[in-house]
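Q: Please find start_18.pdb (PDB, C-alpha atoms and all ligand atoms) on the next line:
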ATOM      1  CA  MET A 140      82.615 115.856 120.837
ATOM      2  CA  GLN A 141      85.663 114.116 122.258
ATOM      3  CA  ARG A 142      88.516 114.467 119.763
ATOM      4  CA  ARG A 143      90.933 117.357 119.688
ATOM      5  CA  LYS A 144      91.091 119.595 116.631
ATOM      6  CA  LEU A 145      94.220 121.021 115.011
ATOM      7  CA  ILE A 146      94.095 124.545 113.622
ATOM      8  CA  ALA A 147      97.151 125.176 111.473
ATOM      9  CA  GLY A 148      98.154 128.441 109.824
ATOM     10  CA  ASN A 149     100.327 128.564 106.707
ATOM     11  CA  TRP A 150     101.830 132.027 106.349
ATOM     12  CA  LYS A 151     103.319 131.169 102.937
ATOM     13  CA  MET A 152     105.767 133.921 101.815
ATOM     14  CA  ASN A 153     104.445 136.471 104.292
ATOM     15  CA  GLY A 154     105.891 137.792 107.514
ATOM     16  CA  THR A 155     108.986 139.434 108.962
ATOM     17  CA  GLY A 156     110.152 139.926 112.534
ATOM     18  CA  GLN A 157     107.367 142.484 112.958
ATOM     19  CA  SER A 158     104.811 139.713 112.551
ATOM     20  CA  LEU A 159     105.855 137.902 115.717
ATOM     21  CA  GLY A 160     103.425 139.895 117.880
ATOM     22  CA  PHE A 161     100.859 137.533 116.346
ATOM     23  CA  PHE A 162     101.769 134.919 118.974
ATOM     24  CA  ASP A 163     100.813 137.304 121.793
ATOM     25  CA  GLU A 164      97.653 138.327 119.958
ATOM     26  CA  ILE A 165      96.324 134.764 119.675
ATOM     27  CA  ARG A 166      97.201 133.854 123.277
ATOM     28  CA  GLN A 167      93.734 134.582 124.633
ATOM     29  CA  ALA A 168      92.047 132.280 122.103
ATOM     30  CA  SER A 169      94.723 129.675 122.725
ATOM     31  CA  GLU A 170      94.179 129.702 126.489
ATOM     32  CA  ALA A 171      90.395 129.687 126.171
ATOM     33  CA  ASN A 172      90.450 126.601 123.916
ATOM     34  CA  PRO A 173      92.839 124.061 125.440
ATOM     35  CA  GLY A 174      91.307 121.215 123.434
ATOM     36  CA  VAL A 175      92.454 122.833 120.202
ATOM     37  CA  ASP A 176      96.013 122.220 119.037
ATOM     38  CA  ILE A 177      97.444 125.237 117.236
ATOM     39  CA  LEU A 178     100.251 125.290 114.690
ATOM     40  CA  ILE A 179     101.849 128.039 112.634
ATOM     41  CA  ALA A 180     104.089 127.533 109.598
ATOM     42  CA  PRO A 181     105.895 130.873 109.287
ATOM     43  CA  PRO A 182     108.578 131.470 106.668
ATOM     44  CA  ALA A 183     111.647 129.448 107.680
ATOM     45  CA  THR A 184     113.526 132.658 108.539
ATOM     46  CA  LEU A 185     111.121 133.202 111.456
ATOM     47  CA  ILE A 186     110.924 129.708 112.954
ATOM     48  CA  HIS A 187     113.781 130.237 115.400
ATOM     49  CA  ARG A 188     112.512 133.587 116.662
ATOM     50  CA  ALA A 189     108.932 132.335 116.720
ATOM     51  CA  ALA A 190     110.006 129.442 118.948
ATOM     52  CA  ALA A 191     110.822 131.923 121.700
ATOM     53  CA  ARG A 192     107.339 133.453 121.492
ATOM     54  CA  ALA A 193     105.108 130.543 120.567
ATOM     55  CA  GLY A 194     104.197 129.088 123.982
ATOM     56  CA  ARG A 195     102.082 126.009 123.315
ATOM     57  CA  VAL A 196     101.698 126.888 119.620
ATOM     58  CA  LEU A 197     103.450 124.290 117.449
ATOM     59  CA  LEU A 198     105.707 125.442 114.622
ATOM     60  CA  ALA A 199     106.177 123.994 111.155
ATOM     61  CA  GLY A 200     108.338 124.518 108.119
ATOM     62  CA  GLN A 201     106.613 124.992 104.762
ATOM     63  CA  ASP A 202     108.903 122.585 102.868
ATOM     64  CA  CYS A 203     112.143 120.673 103.263
ATOM     65  CA  HIS A 204     114.601 118.979 100.915
ATOM     66  CA  ALA A 205     114.619 115.200 100.560
ATOM     67  CA  GLN A 206     118.388 115.026 101.141
ATOM     68  CA  THR A 207     120.032 115.563 104.510
ATOM     69  CA  SER A 208     122.723 117.950 103.161
ATOM     70  CA  GLY A 209     124.615 118.805 100.013
ATOM     71  CA  ALA A 210     124.870 121.130  97.039
ATOM     72  CA  HIS A 211     121.271 122.401  96.924
ATOM     73  CA  THR A 212     121.477 126.189  96.956
ATOM     74  CA  GLY A 213     118.554 127.818  98.689
ATOM     75  CA  ASP A 214     117.096 124.616 100.100
ATOM     76  CA  LEU A 215     116.728 123.568 103.730
ATOM     77  CA  SER A 216     117.032 120.091 105.160
ATOM     78  CA  ALA A 217     114.486 118.607 107.542
ATOM     79  CA  ASP A 218     117.141 118.620 110.278
ATOM     80  CA  MET A 219     117.641 122.364 109.836
ATOM     81  CA  ILE A 220     113.901 122.976 110.126
ATOM     82  CA  ARG A 221     113.651 120.840 113.267
ATOM     83  CA  GLU A 222     116.737 122.402 114.826
ATOM     84  CA  ALA A 223     115.273 125.876 114.263
ATOM     85  CA  GLY A 224     112.358 124.887 116.495
ATOM     86  CA  ALA A 225     109.726 123.187 114.332
ATOM     87  CA  SER A 226     107.925 119.944 115.159
ATOM     88  CA  HIS A 227     106.083 119.648 111.823
ATOM     89  CA  VAL A 228     106.667 120.467 108.164
ATOM     90  CA  ILE A 229     104.163 121.033 105.355
ATOM     91  CA  ILE A 230     105.048 118.872 102.355
ATOM     92  CA  GLY A 231     103.615 118.875  98.840
ATOM     93  CA  HIS A 232     101.504 122.010  99.103
ATOM     94  CA  SER A 233      99.821 122.577  95.740
ATOM     95  CA  GLU A 234     101.814 125.804  95.335
ATOM     96  CA  ARG A 235     105.037 123.766  95.566
ATOM     97  CA  ARG A 236     103.630 121.084  93.288
ATOM     98  CA  ALA A 237     102.787 123.832  90.751
ATOM     99  CA  ASP A 238     105.661 126.327  91.215
ATOM    100  CA  HIS A 239     108.456 123.796  91.741
ATOM    101  CA  GLY A 240     107.196 120.832  89.754
ATOM    102  CA  GLU A 241     106.995 118.582  92.780
ATOM    103  CA  THR A 242     105.564 115.169  91.975
ATOM    104  CA  SER A 243     103.972 112.799  94.462
ATOM    105  CA  GLU A 244     107.213 110.809  94.396
ATOM    106  CA  THR A 245     109.169 113.934  95.434
ATOM    107  CA  VAL A 246     106.597 114.548  98.131
ATOM    108  CA  ARG A 247     107.016 111.045  99.519
ATOM    109  CA  ALA A 248     110.832 111.398  99.557
ATOM    110  CA  LYS A 249     110.513 114.684 101.445
ATOM    111  CA  ALA A 250     107.998 113.195 103.879
ATOM    112  CA  LEU A 251     110.395 110.326 104.624
ATOM    113  CA  ALA A 252     113.233 112.825 105.165
ATOM    114  CA  ALA A 253     111.013 114.784 107.536
ATOM    115  CA  GLN A 254     110.140 111.669 109.542
ATOM    116  CA  ALA A 255     113.802 110.646 109.697
ATOM    117  CA  ALA A 256     114.610 114.070 111.183
ATOM    118  CA  GLY A 257     111.880 113.723 113.806
ATOM    119  CA  LEU A 258     109.392 116.057 112.123
ATOM    120  CA  ILE A 259     105.750 115.193 111.476
ATOM    121  CA  PRO A 260     104.974 115.855 107.804
ATOM    122  CA  ILE A 261     101.672 117.511 106.917
ATOM    123  CA  ILE A 262     101.150 116.098 103.443
ATOM    124  CA  CYS A 263      98.905 118.102 101.123
ATOM    125  CA  VAL A 264      96.650 116.622  98.444
ATOM    126  CA  GLY A 265      93.882 118.125  96.356
ATOM    127  CA  GLU A 266      92.364 118.223  92.909
ATOM    128  CA  SER A 267      92.323 121.071  90.373
ATOM    129  CA  GLU A 268      89.178 122.795  89.164
ATOM    130  CA  ASP A 269      89.303 120.838  85.893
ATOM    131  CA  ASP A 270      89.608 117.572  87.787
ATOM    132  CA  ARG A 271      86.541 118.361  89.863
ATOM    133  CA  ARG A 272      84.513 119.504  86.851
ATOM    134  CA  ALA A 273      85.362 116.211  85.194
ATOM    135  CA  GLY A 274      84.357 114.257  88.295
ATOM    136  CA  ARG A 275      87.911 112.980  88.722
ATOM    137  CA  GLU A 276      88.530 114.383  92.206
ATOM    138  CA  GLN A 277      88.614 111.063  94.035
ATOM    139  CA  ALA A 278      90.807 109.447  91.357
ATOM    140  CA  ILE A 279      93.307 112.336  91.580
ATOM    141  CA  VAL A 280      93.393 112.488  95.365
ATOM    142  CA  GLY A 281      93.546 108.687  95.550
ATOM    143  CA  ASP A 282      96.556 108.692  93.233
ATOM    144  CA  GLN A 283      98.250 111.462  95.232
ATOM    145  CA  LEU A 284      97.724 109.512  98.450
ATOM    146  CA  GLU A 285      99.018 106.302  96.923
ATOM    147  CA  HIS A 286     102.253 107.913  95.739
ATOM    148  CA  SER A 287     102.855 110.653  98.342
ATOM    149  CA  LEU A 288     102.400 108.872 101.663
ATOM    150  CA  PRO A 289     105.119 107.069 103.572
ATOM    151  CA  ALA A 290     104.264 103.437 104.296
ATOM    152  CA  GLU A 291     104.499 103.984 108.035
ATOM    153  CA  GLY A 292     105.361 106.491 110.728
ATOM    154  CA  GLU A 293     103.456 109.550 111.772
ATOM    155  CA  PHE A 294     101.955 111.989 109.270
ATOM    156  CA  ILE A 295      98.976 114.304 108.848
ATOM    157  CA  ILE A 296      96.956 114.758 105.647
ATOM    158  CA  ALA A 297      95.662 118.135 104.478
ATOM    159  CA  TYR A 298      92.980 118.021 101.796
ATOM    160  CA  GLU A 299      93.240 121.313  99.913
ATOM    161  CA  PRO A 300      91.252 121.515  96.686
ATOM    162  CA  VAL A 301      93.448 123.720  94.487
ATOM    163  CA  TRP A 302      90.512 125.787  93.226
ATOM    164  CA  ALA A 303      89.572 126.751  96.792
ATOM    165  CA  ILE A 304      93.017 128.068  97.793
ATOM    166  CA  GLY A 305      93.180 131.835  98.051
ATOM    167  CA  THR A 306      90.084 132.227  95.914
ATOM    168  CA  GLY A 307      87.423 132.735  98.570
ATOM    169  CA  LEU A 308      85.692 129.670  97.127
ATOM    170  CA  THR A 309      85.202 126.877  99.626
ATOM    171  CA  ALA A 310      84.196 123.342  98.867
ATOM    172  CA  SER A 311      80.654 122.681 100.068
ATOM    173  CA  GLU A 312      80.292 120.912 103.390
ATOM    174  CA  SER A 313      78.966 117.831 101.602
ATOM    175  CA  ASP A 314      81.909 117.795  99.162
ATOM    176  CA  ILE A 315      84.336 118.115 102.073
ATOM    177  CA  ALA A 316      82.544 115.401 104.030
ATOM    178  CA  SER A 317      82.598 112.971 101.123
ATOM    179  CA  MET A 318      86.273 113.617 100.250
ATOM    180  CA  HIS A 319      87.324 113.260 103.891
ATOM    181  CA  ALA A 320      85.373 110.010 104.170
ATOM    182  CA  PHE A 321      87.087 108.837 100.970
ATOM    183  CA  ILE A 322      90.531 109.745 102.387
ATOM    184  CA  ARG A 323      89.678 108.034 105.682
ATOM    185  CA  GLY A 324      88.711 104.943 103.681
ATOM    186  CA  GLN A 325      92.039 104.967 101.824
ATOM    187  CA  LEU A 326      93.855 105.053 105.175
ATOM    188  CA  ALA A 327      91.668 102.432 106.804
ATOM    189  CA  ASN A 328      94.394  99.804 107.061
ATOM    190  CA  GLY A 329      96.782 101.983 109.057
ATOM    191  CA  PRO A 330      96.694 103.808 112.380
ATOM    192  CA  ALA A 331      94.355 106.764 112.900
ATOM    193  CA  ARG A 332      95.515 109.893 111.049
ATOM    194  CA  LEU A 333      94.491 113.514 111.314
ATOM    195  CA  VAL A 334      92.850 114.795 108.130
ATOM    196  CA  LEU A 335      92.680 118.592 107.840
ATOM    197  CA  TYR A 336      90.710 120.690 105.340
ATOM    198  CA  GLY A 337      92.276 123.727 103.686
ATOM    199  CA  GLY A 338      91.018 126.222 101.127
ATOM    200  CA  SER A 339      89.553 129.608 102.064
ATOM    201  CA  VAL A 340      88.766 128.675 105.662
ATOM    202  CA  LYS A 341      87.567 131.912 107.291
ATOM    203  CA  PRO A 342      85.878 132.865 110.578
ATOM    204  CA  GLY A 343      82.509 132.777 108.792
ATOM    205  CA  ASN A 344      82.711 129.218 107.443
ATOM    206  CA  ALA A 345      85.016 127.547 109.988
ATOM    207  CA  ALA A 346      82.323 126.177 112.304
ATOM    208  CA  GLY A 347      80.396 124.578 109.438
ATOM    209  CA  ILE A 348      83.535 122.837 108.196
ATOM    210  CA  LEU A 349      84.935 121.880 111.591
ATOM    211  CA  GLN A 350      81.703 120.265 112.773
ATOM    212  CA  LEU A 351      82.077 117.584 110.083
ATOM    213  CA  ALA A 352      82.889 114.205 111.621
ATOM    214  CA  ASP A 353      85.901 113.401 109.446
ATOM    215  CA  VAL A 354      87.433 116.894 109.612
ATOM    216  CA  ASP A 355      90.109 116.923 112.324
ATOM    217  CA  GLY A 356      91.053 120.536 111.780
ATOM    218  CA  ALA A 357      91.972 123.153 109.224
ATOM    219  CA  LEU A 358      95.008 124.375 107.304
ATOM    220  CA  VAL A 359      94.428 128.104 106.980
ATOM    221  CA  GLY A 360      96.243 130.433 104.589
ATOM    222  CA  GLY A 361      95.052 134.039 104.271
ATOM    223  CA  ALA A 362      93.046 134.087 107.494
ATOM    224  CA  SER A 363      96.116 132.952 109.474
ATOM    225  CA  LEU A 364      97.820 136.267 108.752
ATOM    226  CA  LYS A 365      95.358 138.212 110.904
ATOM    227  CA  ALA A 366      95.390 137.304 114.599
ATOM    228  CA  SER A 367      91.710 138.224 115.059
ATOM    229  CA  ASP A 368      90.593 135.963 112.194
ATOM    230  CA  PHE A 369      92.822 133.115 113.294
ATOM    231  CA  SER A 370      91.608 133.480 116.891
ATOM    232  CA  ALA A 371      88.010 133.268 115.680
ATOM    233  CA  ILE A 372      88.811 130.023 113.844
ATOM    234  CA  ILE A 373      90.463 128.591 116.992
ATOM    235  CA  SER A 374      87.334 129.491 118.960
ATOM    236  CA  ALA A 375      85.110 127.876 116.310
ATOM    237  CA  ALA A 376      87.131 124.658 116.662
ATOM    238  CA  GLY A 377      86.849 124.864 120.438
ATOM    239  CA  LYS A 378      83.084 124.350 120.197
ATOM    240  CA  PHE A 379      83.603 120.813 118.892
ATOM    241  CA  VAL A 380      86.100 119.444 121.381
ATOM    242  CA  ASN A 381      85.749 118.215 124.899
ATOM    243  CA  HIS A 382      87.212 120.841 127.212
ATOM    244  CA  ALA A 383      88.270 118.189 129.701
ATOM    245  CA  GLU A 384      90.837 116.848 127.245
TER
HETATM  246  P1  LIG A 401      93.733 130.090 101.874
HETATM  247  O1  LIG A 401      93.172 129.838 103.268
HETATM  248  O2  LIG A 401      94.319 131.452 101.715
HETATM  249  O3  LIG A 401      92.778 129.696 100.817
HETATM  250  O4  LIG A 401      95.010 129.096 101.744
HETATM  251  C1  LIG A 401      94.845 127.756 102.052
HETATM  252  C2  LIG A 401      96.174 127.121 102.000
HETATM  253  O5  LIG A 401      96.778 126.999 100.948
HETATM  254  C3  LIG A 401      96.764 126.655 103.270
HETATM  255  O6  LIG A 401      97.884 125.868 103.054
END
Translate the structure described by the file into structure tokens.

A:
Amino acid sequence: MQRRKLIAGNWKMNGTGQSLGFFDEIRQASEANPGVDILIAPPATLIHRAAARAGRVLLAGQDCHAQTSGAHTGDLSADMIREAGASHVIIGHSERRADHGETSETVRAKALAAQAAGLIPIICVGESEDDRRAGREQAIVGDQLEHSLPAEGEFIIAYEPVWAIGTGLTASESDIASMHAFIRGQLANGPARLVLYGGSVKPGNAAGILQLADVDGALVGGASLKASDFSAIISAAGKFVNHAE
């Protein structure tokens, strides 16, 4: 009942300037739940404008390049993301691993670039449906952690089972609890890290997920596009944190 929670929204490839009213629409939930940290990863084109509207809401990029500059058409460096107004950057989302062939080694290089630019990487891991059916989920996530994480410096982990993303399927609370305990165990030799859950987090299931001891927050996709849904998830998180903090 004492730790803060982080509720993060990943807008993916959604949102234009018209979407920025979102920050006003979630203000009430934000003010009513001061023990909940709130973060939005809008498309990179909106970070700068969002920074003027975000108040205490943190901003993140959805990806960055591993290099600091150069001939990489269409890519953005970590410095560019930070300079636009972000404090965090999502790295290694399963959609980037799948759509852009990102390996855990690429993810680690990007995470190091993010840290060097003063951004906190939110590093995503998660098994496919086949992996879970075969009982390989811990082996897969363990391998991703081993090869994706920087050896030191600040970072956040997001456990996002691929089969739960955008499908309306959520991992059961006991599956989430055991994977988060496994991840916590893998990190046991380092400093405390936030471990978020992502995959069809909605107002209706948020409280059940966020009450789990090893779940420090959520990375929300679809439900972060609607201010009322996202506000409800912030309020659900607020029930599990100490308001004095
Ligand atoms: P959904 O909440 O839409 O399943 O997306 C989760 C996600 O991928 C967040 O990064």

Q: How many Å lie between atom O1 of ligand LIG 401 (chain A) and CA of Ala255 (chain A), rounded to one decimal?

A: 28.9 Å

Q: Neighbours of ligand LIG 401 (chain A) within 9 Å, counting only C-alpha atoms and all ligand atoms, as a PyMOL selection string?

A: chain A and resi 147-151+201+229+232-234+263+297+299-309+336-341+357-363

Q: Let me know the residues the PyMOL selection byres (((chain A and resi 289) around 12) and not hetatm) catches in the file above, as a PyMOL selection string.

A: chain A and resi 230+243-255+259-262+283-288+290-296+326+329

Q: Quick one: which region 182-252 of chain A residues come within 10 Å of region 156-176 of chain A, and what is the nearest atom pair for each with the distance in Å to one decimal, counting all atoms listed in the file, rows ordered by chain and ascending number, as a Markdown table?

A:
| residue | atom | partner | partner_atom | distance |
| --- | --- | --- | --- | --- |
| A:Thr184 | CA | A:Gly156 | CA | 9.0 |
| A:Leu185 | CA | A:Gly156 | CA | 6.9 |
| A:Arg188 | CA | A:Gly156 | CA | 7.9 |
| A:Ala189 | CA | A:Leu159 | CA | 6.4 |
| A:Ala190 | CA | A:Phe162 | CA | 9.9 |
| A:Ala191 | CA | A:Leu159 | CA | 9.8 |
| A:Arg192 | CA | A:Phe162 | CA | 6.3 |
| A:Ala193 | CA | A:Phe162 | CA | 5.7 |
| A:Gly194 | CA | A:Phe162 | CA | 8.1 |
| A:Arg195 | CA | A:Ser169 | CA | 8.2 |
| A:Val196 | CA | A:Asp176 | CA | 7.4 |
| A:Leu197 | CA | A:Asp176 | CA | 7.9 |

Q: Would you work out the distance separating CA of Arg221 (chain A) from CA of Leu258 (chain A), expressed in Å to one decimal?

A: 6.5 Å

Q: Of the candidates A:Lys365, A:Arg271, A:Lys378, A:His187, which one gets nearest to Asp314 (chain A) if we count only C-alpha atoms?

A: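 That would be A:Arg271, the residue with the smallest distance to Asp314 (chain A).
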
Q: Find the residue from A:Ser216, A:Asn328, A:Gln277, A:Ser311 that sits nearest to Val264 (chain A); use all atoms listed in the file when measuring.

A: A:Gln277

Q: Hey, which of A:Ile315, A:Ile348, A:Ile373, A:Ala256 ends up closest to Gln206 (chain A)? Count all atoms listed in the file.

A: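 Of A:Ile315, A:Ile348, A:Ile373, A:Ala256, the one nearest Gln206 (chain A), counting all atoms listed in the file, is A:Ala256.
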
Q: I'd like the interatomic distance between CA of His204 (chain A) and CA of Ala225 (chain A), to a tenth of an Å.

A: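 Separation between CA of His204 (chain A) and CA of Ala225 (chain A): 14.9 Å.
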
Q: Show me the residues close to (78.4, 116.7, 111.2) - anything with an atom within 12 Å, counting all atoms listed in the file - and format the list as a ChimeraX atom specification.

A: /A:140,312-313,315-317,320,346-355,379

Q: Out of A:Met152, A:Ile279, A:Ile146, A:Ile177, which residue has the shortest atom-to-atom distance to Ala345 (chain A) when counting only C-alpha atoms?

A: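 Going through A:Met152, A:Ile279, A:Ile146, A:Ile177 one by one, the smallest distance to Ala345 (chain A) is for A:Ile146.
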
Q: Using all atoms listed in the file, which of the listed residues (A:Gly265, A:Gly200, A:Gly274, A:Pro181) sits closest to Ile220 (chain A)?

A: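 So, comparing all the options, the nearest one is A:Gly200.
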
Q: Which is closer to Leu145 (chain A) than all the others in A:Ala223, A:Ile179, A:Ala217, A:Ala210, using all atoms listed in the file?

A: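 Of A:Ala223, A:Ile179, A:Ala217, A:Ala210, the one nearest Leu145 (chain A) is A:Ile179, counting all atoms listed in the file.
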
Q: Once you add 5 Å to each side, what are the centre and edge lengths of the axis-aligned box holding all listed atoms of region 164-182 of chain A? One decimal in Å, as lines of an AutoDock Vina configuration file, if you can.

A:
center_x = 99.5
center_y = 129.8
center_z = 116.6
size_x = 28.2
size_y = 27.1
size_z = 29.8

Q: Written as a PyMOL selection string, which residues does the PyMOL selection byres (((chain A and resi 199) around 6) and not hetatm) give for the file shown?

A: chain A and resi 180+198+200+225-228

Q: Can you write just those residues out, C-alpha atoms, as a compact mmCIF listing (two decimals), in the coordinates of the input?

A:
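File part.txt, as written:
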# COMPACT_ATOMS: atom_id res chain seq x y z
CA ALA A 180 104.09 127.53 109.60
CA LEU A 198 105.71 125.44 114.62
CA GLY A 200 108.34 124.52 108.12
CA ALA A 225 109.73 123.19 114.33
CA SER A 226 107.92 119.94 115.16
CA HIS A 227 106.08 119.65 111.82
CA VAL A 228 106.67 120.47 108.16

Q: Model the absent atoms of region 317-332 of chain A so that N, CA and C atoms are present, and write the result as a PDB file, in the frame of the given file.

A:
ATOM      1  N   SER A 317      82.422 114.203 101.900  1.00  0.00           N
ATOM      2  CA  SER A 317      82.598 112.971 101.123  1.00  0.00           C
ATOM      3  C   SER A 317      84.069 112.757 100.781  1.00  0.00           C
ATOM      4  N   MET A 318      84.841 113.819 100.515  1.00  0.00           N
ATOM      5  CA  MET A 318      86.273 113.617 100.250  1.00  0.00           C
ATOM      6  C   MET A 318      87.004 113.143 101.505  1.00  0.00           C
ATOM      7  N   HIS A 319      86.653 113.708 102.670  1.00  0.00           N
ATOM      8  CA  HIS A 319      87.324 113.260 103.891  1.00  0.00           C
ATOM      9  C   HIS A 319      86.976 111.811 104.206  1.00  0.00           C
ATOM     10  N   ALA A 320      85.744 111.418 103.951  1.00  0.00           N
ATOM     11  CA  ALA A 320      85.373 110.010 104.170  1.00  0.00           C
ATOM     12  C   ALA A 320      86.147 109.119 103.198  1.00  0.00           C
ATOM     13  N   PHE A 321      86.302 109.592 101.956  1.00  0.00           N
ATOM     14  CA  PHE A 321      87.087 108.837 100.970  1.00  0.00           C
ATOM     15  C   PHE A 321      88.536 108.678 101.450  1.00  0.00           C
ATOM     16  N   ILE A 322      89.133 109.796 101.916  1.00  0.00           N
ATOM     17  CA  ILE A 322      90.531 109.745 102.387  1.00  0.00           C
ATOM     18  C   ILE A 322      90.638 108.798 103.581  1.00  0.00           C
ATOM     19  N   ARG A 323      89.697 108.916 104.504  1.00  0.00           N
ATOM     20  CA  ARG A 323      89.678 108.034 105.682  1.00  0.00           C
ATOM     21  C   ARG A 323      89.626 106.572 105.228  1.00  0.00           C
ATOM     22  N   GLY A 324      88.823 106.313 104.211  1.00  0.00           N
ATOM     23  CA  GLY A 324      88.711 104.943 103.681  1.00  0.00           C
ATOM     24  C   GLY A 324      90.035 104.451 103.102  1.00  0.00           C
ATOM     25  N   GLN A 325      90.748 105.349 102.422  1.00  0.00           N
ATOM     26  CA  GLN A 325      92.039 104.967 101.824  1.00  0.00           C
ATOM     27  C   GLN A 325      93.078 104.647 102.903  1.00  0.00           C
ATOM     28  N   LEU A 326      92.881 105.228 104.083  1.00  0.00           N
ATOM     29  CA  LEU A 326      93.855 105.053 105.175  1.00  0.00           C
ATOM     30  C   LEU A 326      93.425 103.972 106.152  1.00  0.00           C
ATOM     31  N   ALA A 327      92.337 103.286 105.814  1.00  0.00           N
ATOM     32  CA  ALA A 327      91.668 102.432 106.804  1.00  0.00           C
ATOM     33  C   ALA A 327      92.550 101.322 107.341  1.00  0.00           C
ATOM     34  N   ASN A 328      93.564 100.914 106.586  1.00  0.00           N
ATOM     35  CA  ASN A 328      94.394  99.804 107.061  1.00  0.00           C
ATOM     36  C   ASN A 328      95.494 100.224 108.027  1.00  0.00           C
ATOM     37  N   GLY A 329      95.692 101.516 108.186  1.00  0.00           N
ATOM     38  CA  GLY A 329      96.782 101.983 109.057  1.00  0.00           C
ATOM     39  C   GLY A 329      96.235 102.561 110.355  1.00  0.00           C
ATOM     40  N   PRO A 330      97.127 103.152 111.147  1.00  0.00           N
ATOM     41  CA  PRO A 330      96.694 103.808 112.380  1.00  0.00           C
ATOM     42  C   PRO A 330      95.869 105.064 112.081  1.00  0.00           C
ATOM     43  N   ALA A 331      95.179 105.564 113.081  1.00  0.00           N
ATOM     44  CA  ALA A 331      94.355 106.764 112.900  1.00  0.00           C
ATOM     45  C   ALA A 331      95.235 107.945 112.492  1.00  0.00           C
ATOM     46  N   ARG A 332      94.779 108.725 111.538  1.00  0.00           N
ATOM     47  CA  ARG A 332      95.515 109.893 111.049  1.00  0.00           C
ATOM     48  C   ARG A 332      94.635 111.127 111.157  1.00  0.00           C
TER      49      ARG A 332
END
